[in-house]
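Structure file query-v6.pdb (PDB, C-alpha atoms, pLDDT in the B column) is printed below.
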MODEL        1
ATOM      1  CA  MET A   1      17.935 -12.065  10.490  1.00 37.00           C
ATOM      2  CA  ASP A   2      17.065  -9.000  12.594  1.00 49.00           C
ATOM      3  CA  MET A   3      19.482  -6.051  12.392  1.00 56.00           C
ATOM      4  CA  PHE A   4      18.699  -4.889  15.936  1.00 58.00           C
ATOM      5  CA  ASP A   5      18.427  -6.598  19.307  1.00 65.00           C
ATOM      6  CA  THR A   6      14.659  -6.267  19.846  1.00 64.00           C
ATOM      7  CA  SER A   7      15.098  -6.125  23.623  1.00 67.00           C
ATOM      8  CA  LYS A   8      16.865  -2.758  23.234  1.00 82.00           C
ATOM      9  CA  VAL A   9      14.933  -1.056  20.411  1.00 89.00           C
ATOM     10  CA  PHE A  10      11.375  -0.153  19.500  1.00 92.00           C
ATOM     11  CA  SER A  11       9.672   1.085  16.347  1.00 92.00           C
ATOM     12  CA  VAL A  12       6.892   3.526  15.501  1.00 93.00           C
ATOM     13  CA  LEU A  13       5.099   4.046  12.206  1.00 94.00           C
ATOM     14  CA  ASP A  14       4.811   7.629  10.921  1.00 94.00           C
ATOM     15  CA  ALA A  15       2.291   8.459   8.211  1.00 93.00           C
ATOM     16  CA  GLN A  16       3.297  10.847   5.412  1.00 91.00           C
ATOM     17  CA  GLY A  17       3.818  14.362   6.829  1.00 91.00           C
ATOM     18  CA  MET A  18       4.479  13.138  10.386  1.00 94.00           C
ATOM     19  CA  ASN A  19       7.761  13.036  12.252  1.00 95.00           C
ATOM     20  CA  THR A  20       8.004  11.307  15.638  1.00 96.00           C
ATOM     21  CA  LEU A  21      10.906  12.097  17.937  1.00 96.00           C
ATOM     22  CA  ALA A  22      11.604   9.998  21.045  1.00 96.00           C
ATOM     23  CA  PHE A  23      13.374  11.037  24.235  1.00 94.00           C
ATOM     24  CA  GLN A  24      14.613   9.035  27.204  1.00 92.00           C
ATOM     25  CA  ILE A  25      14.197  10.490  30.687  1.00 90.00           C
ATOM     26  CA  ASN A  26      17.299   9.775  32.775  1.00 86.00           C
ATOM     27  CA  LYS A  27      17.526   9.983  36.555  1.00 82.00           C
ATOM     28  CA  THR A  28      20.959   9.752  38.171  1.00 79.00           C
ATOM     29  CA  VAL A  29      22.312  10.466  41.636  1.00 77.00           C
ATOM     30  CA  GLU A  30      25.072  13.078  41.760  1.00 75.00           C
ATOM     31  CA  ASP A  31      26.534  14.322  45.037  1.00 77.00           C
ATOM     32  CA  GLY A  32      23.694  12.693  46.961  1.00 80.00           C
ATOM     33  CA  GLU A  33      20.866  14.311  45.001  1.00 78.00           C
ATOM     34  CA  THR A  34      18.746  13.040  42.110  1.00 79.00           C
ATOM     35  CA  VAL A  35      19.415  14.777  38.796  1.00 80.00           C
ATOM     36  CA  SER A  36      16.923  14.416  35.944  1.00 85.00           C
ATOM     37  CA  SER A  37      17.802  14.888  32.291  1.00 87.00           C
ATOM     38  CA  ILE A  38      16.311  14.363  28.852  1.00 90.00           C
ATOM     39  CA  GLU A  39      18.120  12.707  25.949  1.00 90.00           C
ATOM     40  CA  MET A  40      16.952  12.428  22.355  1.00 93.00           C
ATOM     41  CA  LEU A  41      17.108   8.846  21.095  1.00 94.00           C
ATOM     42  CA  LYS A  42      18.808   8.084  17.825  1.00 92.00           C
ATOM     43  CA  SER A  43      16.729   6.387  15.176  1.00 93.00           C
ATOM     44  CA  PHE A  44      16.926   4.488  11.925  1.00 91.00           C
ATOM     45  CA  MET A  45      14.210   5.258   9.352  1.00 93.00           C
ATOM     46  CA  GLU A  46      12.982   3.043   6.534  1.00 95.00           C
ATOM     47  CA  VAL A  47      10.155   3.327   4.021  1.00 94.00           C
ATOM     48  CA  ALA A  48       7.005   1.385   4.945  1.00 90.00           C
ATOM     49  CA  ASN A  49       3.687   0.850   3.131  1.00 87.00           C
ATOM     50  CA  ASN A  50       1.843   3.730   4.792  1.00 85.00           C
ATOM     51  CA  GLY A  51       4.780   6.077   5.473  1.00 91.00           C
ATOM     52  CA  TYR A  52       7.981   5.524   7.432  1.00 94.00           C
ATOM     53  CA  ARG A  53       9.009   3.116  10.159  1.00 95.00           C
ATOM     54  CA  LYS A  54      11.382   4.645  12.682  1.00 95.00           C
ATOM     55  CA  THR A  55      13.358   2.299  14.883  1.00 94.00           C
ATOM     56  CA  PHE A  56      14.692   3.989  18.031  1.00 94.00           C
ATOM     57  CA  PHE A  57      17.519   2.619  20.124  1.00 90.00           C
ATOM     58  CA  PHE A  58      18.867   3.445  23.550  1.00 86.00           C
ATOM     59  CA  ASN A  59      22.334   4.878  24.147  1.00 69.00           C
ATOM     60  CA  PRO A  60      23.884   3.596  26.304  1.00 58.00           C
ATOM     61  CA  GLU A  61      22.101   0.324  25.825  1.00 51.00           C
ATOM     62  CA  PRO A  62      19.911  -0.411  28.836  1.00 46.00           C
ATOM     63  CA  ASP A  63      19.726  -3.571  30.842  1.00 51.00           C
ATOM     64  CA  THR A  64      16.563  -5.272  29.546  1.00 43.00           C
ATOM     65  CA  GLN A  65      15.193  -5.460  33.103  1.00 49.00           C
ATOM     66  CA  ASP A  66      15.446  -1.692  33.641  1.00 73.00           C
ATOM     67  CA  LYS A  67      12.328   0.383  33.189  1.00 82.00           C
ATOM     68  CA  LYS A  68      12.920   3.406  30.928  1.00 87.00           C
ATOM     69  CA  GLU A  69      10.590   6.386  30.727  1.00 89.00           C
ATOM     70  CA  VAL A  70      10.161   7.505  27.107  1.00 92.00           C
ATOM     71  CA  VAL A  71       8.519  10.687  25.797  1.00 93.00           C
ATOM     72  CA  PHE A  72       7.288  11.028  22.209  1.00 95.00           C
ATOM     73  CA  LEU A  73       6.869  14.285  20.306  1.00 94.00           C
ATOM     74  CA  THR A  74       4.990  13.766  17.039  1.00 94.00           C
ATOM     75  CA  LEU A  75       5.209  16.714  14.676  1.00 94.00           C
ATOM     76  CA  LYS A  76       2.660  17.414  11.965  1.00 92.00           C
ATOM     77  CA  PRO A  77       2.358  20.615   9.912  1.00 89.00           C
ATOM     78  CA  GLY A  78       1.081  23.226  12.379  1.00 85.00           C
ATOM     79  CA  GLU A  79       0.669  20.883  15.342  1.00 90.00           C
ATOM     80  CA  ALA A  80       2.562  18.764  17.849  1.00 91.00           C
ATOM     81  CA  LEU A  81       1.392  15.807  19.939  1.00 91.00           C
ATOM     82  CA  LEU A  82       3.067  14.726  23.182  1.00 91.00           C
ATOM     83  CA  ASN A  83       2.810  11.144  24.506  1.00 91.00           C
ATOM     84  CA  ALA A  84       4.711   9.075  27.034  1.00 91.00           C
ATOM     85  CA  GLY A  85       5.556   5.461  27.461  1.00 90.00           C
ATOM     86  CA  GLU A  86       7.519   2.914  29.387  1.00 89.00           C
ATOM     87  CA  PHE A  87      10.088   0.524  27.942  1.00 89.00           C
ATOM     88  CA  LYS A  88      10.770  -2.574  30.001  1.00 85.00           C
ATOM     89  CA  GLY A  89      12.074  -5.985  29.024  1.00 79.00           C
ATOM     90  CA  GLY A  90      11.936  -5.191  25.310  1.00 82.00           C
ATOM     91  CA  VAL A  91       8.268  -4.121  25.447  1.00 86.00           C
ATOM     92  CA  LEU A  92       7.013  -0.581  24.882  1.00 88.00           C
ATOM     93  CA  ARG A  93       3.786   0.483  26.594  1.00 89.00           C
ATOM     94  CA  VAL A  94       2.527   3.858  25.400  1.00 89.00           C
ATOM     95  CA  GLY A  95       0.370   5.963  27.709  1.00 82.00           C
ATOM     96  CA  VAL A  96      -1.291   9.296  27.102  1.00 59.00           C
ATOM     97  CA  LYS A  97       0.057  11.930  29.468  1.00 67.00           C
ATOM     98  CA  PRO A  98       3.754  12.307  30.272  1.00 67.00           C
ATOM     99  CA  GLY A  99       4.043  12.704  34.027  1.00 71.00           C
ATOM    100  CA  SER A 100       7.439  14.320  34.409  1.00 79.00           C
ATOM    101  CA  ILE A 101       7.614  16.529  31.301  1.00 86.00           C
ATOM    102  CA  LYS A 102       6.706  20.187  31.008  1.00 86.00           C
ATOM    103  CA  TYR A 103       5.869  21.259  27.446  1.00 86.00           C
ATOM    104  CA  SER A 104       5.991  24.840  26.201  1.00 88.00           C
ATOM    105  CA  SER A 105       6.316  26.688  22.922  1.00 89.00           C
ATOM    106  CA  ILE A 106       8.731  29.534  22.290  1.00 88.00           C
ATOM    107  CA  LYS A 107       8.448  32.204  19.625  1.00 85.00           C
ATOM    108  CA  LEU A 108      10.590  35.319  19.457  1.00 81.00           C
ATOM    109  CA  THR A 109       8.655  38.440  18.551  1.00 81.00           C
ATOM    110  CA  GLY A 110      11.561  40.825  17.945  1.00 80.00           C
ATOM    111  CA  ASP A 111      13.777  41.058  14.894  1.00 86.00           C
ATOM    112  CA  GLU A 112      16.960  39.954  16.694  1.00 88.00           C
ATOM    113  CA  SER A 113      18.255  36.472  17.433  1.00 89.00           C
ATOM    114  CA  GLU A 114      18.267  35.649  21.118  1.00 89.00           C
ATOM    115  CA  TYR A 115      20.323  33.311  23.296  1.00 87.00           C
ATOM    116  CA  LYS A 116      18.591  31.278  26.023  1.00 84.00           C
ATOM    117  CA  GLU A 117      20.602  29.880  28.927  1.00 83.00           C
ATOM    118  CA  VAL A 118      20.311  26.157  29.604  1.00 78.00           C
ATOM    119  CA  LYS A 119      21.349  24.518  32.876  1.00 73.00           C
ATOM    120  CA  TYR A 120      23.646  21.486  32.704  1.00 71.00           C
ATOM    121  CA  SER A 121      24.566  18.935  35.340  1.00 65.00           C
ATOM    122  CA  PRO A 122      28.261  18.114  35.981  1.00 62.00           C
ATOM    123  CA  ASN A 123      27.966  15.003  33.762  1.00 65.00           C
ATOM    124  CA  PHE A 124      26.955  17.193  30.756  1.00 69.00           C
ATOM    125  CA  ARG A 125      23.288  16.231  30.884  1.00 73.00           C
ATOM    126  CA  ARG A 126      20.518  18.800  30.748  1.00 79.00           C
ATOM    127  CA  PRO A 127      16.918  18.810  31.969  1.00 85.00           C
ATOM    128  CA  ILE A 128      15.603  20.687  28.910  1.00 87.00           C
ATOM    129  CA  THR A 129      15.708  20.270  25.152  1.00 89.00           C
ATOM    130  CA  ILE A 130      14.636  22.771  22.497  1.00 91.00           C
ATOM    131  CA  ILE A 131      13.180  21.383  19.258  1.00 93.00           C
ATOM    132  CA  ASP A 132      12.888  23.094  15.891  1.00 93.00           C
ATOM    133  CA  PRO A 133       9.513  21.704  14.732  1.00 92.00           C
ATOM    134  CA  TYR A 134      10.096  22.693  11.103  1.00 90.00           C
ATOM    135  CA  LEU A 135      13.323  20.661  10.871  1.00 90.00           C
ATOM    136  CA  GLY A 136      12.239  18.049  13.435  1.00 90.00           C
ATOM    137  CA  GLN A 137      15.594  18.295  15.193  1.00 92.00           C
ATOM    138  CA  GLU A 138      17.094  19.407  18.472  1.00 92.00           C
ATOM    139  CA  VAL A 139      18.625  22.864  18.525  1.00 92.00           C
ATOM    140  CA  LYS A 140      22.189  22.121  19.585  1.00 89.00           C
ATOM    141  CA  PRO A 141      23.480  24.172  22.521  1.00 88.00           C
ATOM    142  CA  ILE A 142      26.853  25.868  22.765  1.00 88.00           C
ATOM    143  CA  VAL A 143      28.409  24.496  25.966  1.00 86.00           C
ATOM    144  CA  TYR A 144      30.812  26.602  28.027  1.00 87.00           C
ATOM    145  CA  PHE A 145      32.278  26.834  31.533  1.00 86.00           C
ATOM    146  CA  ASP A 146      31.158  29.893  33.500  1.00 86.00           C
ATOM    147  CA  THR A 147      34.130  30.880  35.686  1.00 91.00           C
ATOM    148  CA  GLU A 148      32.037  33.296  37.766  1.00 92.00           C
ATOM    149  CA  THR A 149      29.619  30.596  38.961  1.00 86.00           C
ATOM    150  CA  ASN A 150      32.048  27.672  38.507  1.00 85.00           C
ATOM    151  CA  MET A 151      29.366  25.778  36.554  1.00 81.00           C
ATOM    152  CA  ILE A 152      28.873  24.189  33.144  1.00 81.00           C
ATOM    153  CA  LYS A 153      26.286  26.153  31.173  1.00 84.00           C
ATOM    154  CA  ALA A 154      25.002  26.327  27.640  1.00 87.00           C
ATOM    155  CA  LYS A 155      23.404  28.832  25.319  1.00 89.00           C
ATOM    156  CA  ILE A 156      20.907  28.067  22.600  1.00 90.00           C
ATOM    157  CA  LYS A 157      20.528  30.492  19.722  1.00 91.00           C
ATOM    158  CA  LEU A 158      16.890  31.125  18.810  1.00 92.00           C
ATOM    159  CA  LEU A 159      16.018  32.884  15.571  1.00 91.00           C
ATOM    160  CA  PRO A 160      13.378  35.619  15.319  1.00 90.00           C
ATOM    161  CA  HIS A 161       9.900  34.892  13.897  1.00 87.00           C
ATOM    162  CA  LYS A 162      10.430  31.159  14.330  1.00 89.00           C
ATOM    163  CA  SER A 163       8.608  28.758  16.676  1.00 90.00           C
ATOM    164  CA  TYR A 164      10.338  26.258  18.938  1.00 93.00           C
ATOM    165  CA  ILE A 165       9.170  23.557  21.331  1.00 93.00           C
ATOM    166  CA  ALA A 166      10.744  23.149  24.774  1.00 91.00           C
ATOM    167  CA  LEU A 167      10.558  19.887  26.709  1.00 92.00           C
ATOM    168  CA  GLU A 168      11.723  20.085  30.311  1.00 89.00           C
ATOM    169  CA  VAL A 169      11.985  17.328  32.909  1.00 90.00           C
ATOM    170  CA  GLU A 170      10.285  18.181  36.187  1.00 80.00           C
ATOM    171  CA  ASP A 171      11.322  16.440  39.389  1.00 68.00           C
TER     172      ASP A 171
ENDMDL
END

What would the structure in this file look like if it were written as structure tokens?
Amino acid sequence: MDMFDTSKVFSVLDAQGMNTLAFQINKTVEDGETVSSIEMLKSFMEVANNGYRKTFFFNPEPDTQDKKEVVFLTLKPGEALLNAGEFKGGVLRVGVKPGSIKYSSIKLTGDESEYKEVKYSPNFRRPITIIDPYLGQEVKPIVYFDTETNMIKAKIKLLPHKSYIALEVED
């Protein structure tokens, strides 16, 4: 018996030393305008013959007829690979170049930690995510309400002499 509904999950195989992260690109309409955001997908990892099988699942669970844009960031020691795909009707089709994602690396040169501002939409979604490639995890933002601009904002603390990867959705 399958643990997951295969129409709402997909799996990738990571070799030893690799770590694949998957992100869903969301597009919603708020106040008459389209707002794009990026969301890291949760995964379940199990040991496989050649490495690890990661099973990713959508949250909230999509209608199986909806087309979902998915972006993959595969981390290896000293390198990162970016791919894109489309999930529709329980089938994942992986392409080569993500069309709506801007990739950049960040490295602080000073000796002080630094905070970077991140824009949020009113529904607490953001168009950018910062990844710590060493840990293979998102750097969690500190969310706050800016009373001067009457907007939800966030700050992300970046440590000196450490590299980060930024993925940003472009409209």

- request: Report as a PyMOL selection string the full result of the PyMOL selection byres ((chain A and resi 104) around 12) when it is applied to this structure.
  value: chain A and resi 80-82+101-103+105-107+128-131+163-169

field: Residues near Lys155 (chain A), cut-off 6 Å, all atoms listed in the file, skip fewer than 3 positions along chain, as JSON, numbers by chain
entry: {"A": [115, 116, 117, 118, 141, 142]}

Once 3 Å is added on each side, what are the centre and the three edge lengths, in Å to one decimal, of the axis-aligned box enclosing the listed atoms of region 155-164 of chain A? Present them as JSON.
{"center_x": 16.0, "center_y": 30.9, "center_z": 19.6, "size_x": 20.8, "size_y": 15.4, "size_z": 17.4}

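The spacing separating CA of Glu170 (chain A) from CA of Val29 (chain A) amounts to 15.3 Å.
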
message: Taking 5 positions as the minimum chain separation for residues in the same chain, which residues sit within 8 Å of Phe10 (chain A) when counting only C-alpha atoms? Answer as a PyMOL selection string.
response: chain A and resi 55-57+90-92

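Residues with any atom within 9 Å of the point (11.1, 43.5, 14.4), counting all atoms listed in the file, are Thr109, Gly110, Asp111, Glu112, Pro160 and His161 of chain A.
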
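For the choices A:Ala22, A:Leu13, A:Ala154, A:Val47, the atom-to-atom distance to Arg126 (chain A) is smallest for A:Ala154 when using all atoms listed in the file.
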
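Evaluated against the shown file, the PyMOL selection byres ((chain A and resi 49) around 12) gives Leu13, Asp14, Ala15, Gln16, Glu46, Val47, Ala48, Asn50, Gly51, Tyr52 and Arg53 of chain A.
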
- request: Compile the contact shell of Met40 (chain A) as a PyMOL selection string: residues with an atom at most 10 Å away, counting all atoms listed in the file, same-chain residues fewer than 4 positions apart removed.
  value: chain A and resi 21-25+56+58-59+70-72+129+137-138

- prompt: Quick one: which residues end up in the PyMOL selection byres ((chain A and resi 151-153) around 9) for this structure, as a ChimeraX atom specification?
  reply: /A:117-122,124,142-150,154-155

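What separates CA of Asp31 (chain A) from CA of Pro127 (chain A) is a distance of 16.8 Å.
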
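Reported to one decimal place, the separation of CA of Ser100 (chain A) from CA of Asn19 (chain A) is 22.2 Å.
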